Every structure is written in structure tokens, then in C-alpha cells.
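Engineer: Here it is, the structure in full.
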Amino acid sequence: MKNNFEPTTNVKCAICFLLYPETLIGTHILIDHELKQIAVPCPKCGDMFTDHDVFYNHVIAHTNSH
């Protein structure tokens, strides 16, 4: 299992087509495309989020629990 400090592969944003690390694509979408009301999945468990702060706290909780 990867930790949050290991490099990850880049993935293309389906909205703007820019490349972002796989672990940050959800954060990018929620911040940069926030007016589009898009939900993104947690990279650890798949739960869906539309709010950046809730998403961030959730992902941090996974990190702190391991």
C-alpha cells in the first residue's frame, strides 16, 4: 500500500485535461472546478465528496489512522 509521501502517477483531469498526481486529482477538481457541483471519490475508500474541506479532512483521517 502506498503512503501519502510516495510519488504517484499523473492522471489527466477529465474537465481541463491538465495532469495532476493521482493522489491530488480529487482536490484539484473540488477546488478548481467547484462551481460545477462535481463529486469526487476518496482515493482510499471510494466515499464521494462535493466539498473540499470535508474531503480533505476525510482523507487526512485515513492517513492518521494508519
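Each chain of the C-alpha cells is named A, B, ... in the order shown, its residues numbered from 1; ligands are numbered from 1 in display order.
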Within 9 Å of Ile29 (chain A), counting only C-alpha atoms, which residues qualify if same-chain residues fewer than 4 places away don't, as an mmCIF file with N, CA, C and O atoms, in the first residue's frame?
Structural biologist:
data_model
loop_
_atom_site.group_PDB
_atom_site.id
_atom_site.type_symbol
_atom_site.label_atom_id
_atom_site.label_comp_id
_atom_site.auth_asym_id
_atom_site.auth_seq_id
_atom_site.Cartn_x
_atom_site.Cartn_y
_atom_site.Cartn_z
ATOM 1 N N CYS A 13 -6.995 15.415 -15.761
ATOM 2 C CA CYS A 13 -8.300 15.894 -15.322
ATOM 3 C C CYS A 13 -9.272 15.778 -16.491
ATOM 4 O O CYS A 13 -8.987 16.232 -17.599
ATOM 5 N N ILE A 15 -11.901 17.355 -16.920
ATOM 6 C CA ILE A 15 -12.561 18.633 -17.206
ATOM 7 C C ILE A 15 -11.636 19.577 -17.956
ATOM 8 O O ILE A 15 -11.997 20.112 -19.003
ATOM 9 N N LEU A 24 -3.794 13.777 -5.830
ATOM 10 C CA LEU A 24 -4.293 15.149 -5.717
ATOM 11 C C LEU A 24 -5.385 15.500 -6.713
ATOM 12 O O LEU A 24 -5.911 16.607 -6.679
ATOM 13 N N ILE A 25 -5.763 14.574 -7.585
ATOM 14 C CA ILE A 25 -6.741 14.908 -8.623
ATOM 15 C C ILE A 25 -8.096 15.278 -8.020
ATOM 16 O O ILE A 25 -8.754 16.205 -8.480
ATOM 17 N N HIS A 33 -12.677 23.379 -9.960
ATOM 18 C CA HIS A 33 -13.926 23.228 -10.705
ATOM 19 C C HIS A 33 -15.127 23.219 -9.764
ATOM 20 O O HIS A 33 -16.143 22.585 -10.051
ATOM 21 N N GLU A 34 -15.027 23.945 -8.645
ATOM 22 C CA GLU A 34 -16.041 23.874 -7.590
ATOM 23 C C GLU A 34 -17.422 24.336 -8.019
ATOM 24 O O GLU A 34 -18.429 23.865 -7.490
ATOM 25 N N ILE A 38 -19.375 18.925 -8.726
ATOM 26 C CA ILE A 38 -18.871 17.603 -9.049
ATOM 27 C C ILE A 38 -18.511 16.869 -7.766
ATOM 28 O O ILE A 38 -17.971 17.455 -6.837
ATOM 29 N N ALA A 39 -18.804 15.585 -7.729
ATOM 30 C CA ALA A 39 -18.400 14.746 -6.605
ATOM 31 C C ALA A 39 -17.157 13.962 -7.015
ATOM 32 O O ALA A 39 -17.045 13.524 -8.156
ATOM 33 N N VAL A 40 -16.226 13.819 -6.071
ATOM 34 C CA VAL A 40 -15.015 13.037 -6.322
ATOM 35 C C VAL A 40 -14.898 11.950 -5.258
ATOM 36 O O VAL A 40 -15.336 12.126 -4.128
ATOM 37 N N HIS A 52 -14.610 20.470 -0.596
ATOM 38 C CA HIS A 52 -13.163 20.267 -0.433
ATOM 39 C C HIS A 52 -12.757 20.033 1.009
ATOM 40 O O HIS A 52 -11.975 19.143 1.305
#
Engineer: Name all residues at most 12 Å from Asn10 (chain A) (count only C-alpha atoms; drop same-chain ones fewer than 5 positions away) and give them as a count of residues only.
Structural biologist: 9
Engineer: Write out as a VMD selection string each polymer residue whose atoms come within 12 Å of Gly46 (chain A), counting only C-alpha atoms; drop sequence neighbours fewer than 2 positions from it.
Structural biologist: chain A and resid 26 39 to 44 48 to 49 55 58 to 59 62
Engineer: Could you write out, as a short mmCIF file (atom, residue, chain, number, x, y, z; two decimals) with N, CA and C atoms, in the first residue's frame, all the residues of chain A that DSSP marks as alpha helix (DSSP H)?
Structural biologist:
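Done, and the output landed in out_19.cif:
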data_model
loop_
_atom_site.label_atom_id
_atom_site.label_comp_id
_atom_site.auth_asym_id
_atom_site.auth_seq_id
_atom_site.Cartn_x
_atom_site.Cartn_y
_atom_site.Cartn_z
N ILE A 25 -5.76 14.57 -7.58
CA ILE A 25 -6.74 14.91 -8.62
C ILE A 25 -8.10 15.28 -8.02
N GLY A 26 -8.50 14.60 -6.96
CA GLY A 26 -9.78 14.93 -6.32
C GLY A 26 -9.77 16.33 -5.74
N THR A 27 -8.68 16.69 -5.09
CA THR A 27 -8.54 18.04 -4.53
C THR A 27 -8.56 19.08 -5.64
N HIS A 28 -7.84 18.83 -6.74
CA HIS A 28 -7.85 19.75 -7.88
C HIS A 28 -9.26 19.98 -8.39
N ILE A 29 -10.01 18.89 -8.59
CA ILE A 29 -11.36 19.02 -9.14
C ILE A 29 -12.25 19.81 -8.19
N LEU A 30 -12.19 19.50 -6.90
CA LEU A 30 -13.06 20.20 -5.94
C LEU A 30 -12.71 21.67 -5.81
N ILE A 31 -11.44 22.03 -5.92
CA ILE A 31 -11.05 23.44 -5.77
C ILE A 31 -11.20 24.20 -7.09
N ASP A 32 -10.61 23.69 -8.15
CA ASP A 32 -10.57 24.43 -9.41
C ASP A 32 -11.86 24.36 -10.20
N HIS A 52 -14.61 20.47 -0.60
CA HIS A 52 -13.16 20.27 -0.43
C HIS A 52 -12.76 20.03 1.01
N ASP A 53 -13.25 20.87 1.93
CA ASP A 53 -12.83 20.75 3.33
C ASP A 53 -13.23 19.40 3.93
N VAL A 54 -14.43 18.94 3.63
CA VAL A 54 -14.88 17.65 4.13
C VAL A 54 -14.04 16.53 3.51
N PHE A 55 -13.78 16.64 2.21
CA PHE A 55 -12.93 15.66 1.50
C PHE A 55 -11.54 15.62 2.12
N TYR A 56 -10.93 16.79 2.31
CA TYR A 56 -9.58 16.88 2.87
C TYR A 56 -9.52 16.24 4.26
N ASN A 57 -10.46 16.60 5.12
CA ASN A 57 -10.48 16.05 6.49
C ASN A 57 -10.67 14.54 6.47
N HIS A 58 -11.48 14.05 5.56
CA HIS A 58 -11.72 12.62 5.44
C HIS A 58 -10.43 11.89 5.03
N VAL A 59 -9.74 12.41 4.01
CA VAL A 59 -8.51 11.78 3.54
C VAL A 59 -7.42 11.84 4.63
N ILE A 60 -7.35 12.94 5.34
CA ILE A 60 -6.38 13.07 6.44
C ILE A 60 -6.70 12.04 7.54
N ALA A 61 -7.99 11.81 7.79
CA ALA A 61 -8.37 10.82 8.80
C ALA A 61 -7.85 9.43 8.41
N HIS A 62 -7.89 9.09 7.13
CA HIS A 62 -7.32 7.82 6.68
C HIS A 62 -5.83 7.79 6.98
N THR A 63 -5.14 8.88 6.68
CA THR A 63 -3.69 8.95 6.88
C THR A 63 -3.34 8.81 8.35
N ASN A 64 -4.10 9.47 9.21
CA ASN A 64 -3.82 9.43 10.65
C ASN A 64 -4.19 8.10 11.30
#
Engineer: Could you pull out the residues in chain A that DSSP calls strand (DSSP E) from the backbone, as a PyMOL selection string?
Structural biologist: chain A and resi 10-12+19-21+40-41+48-49
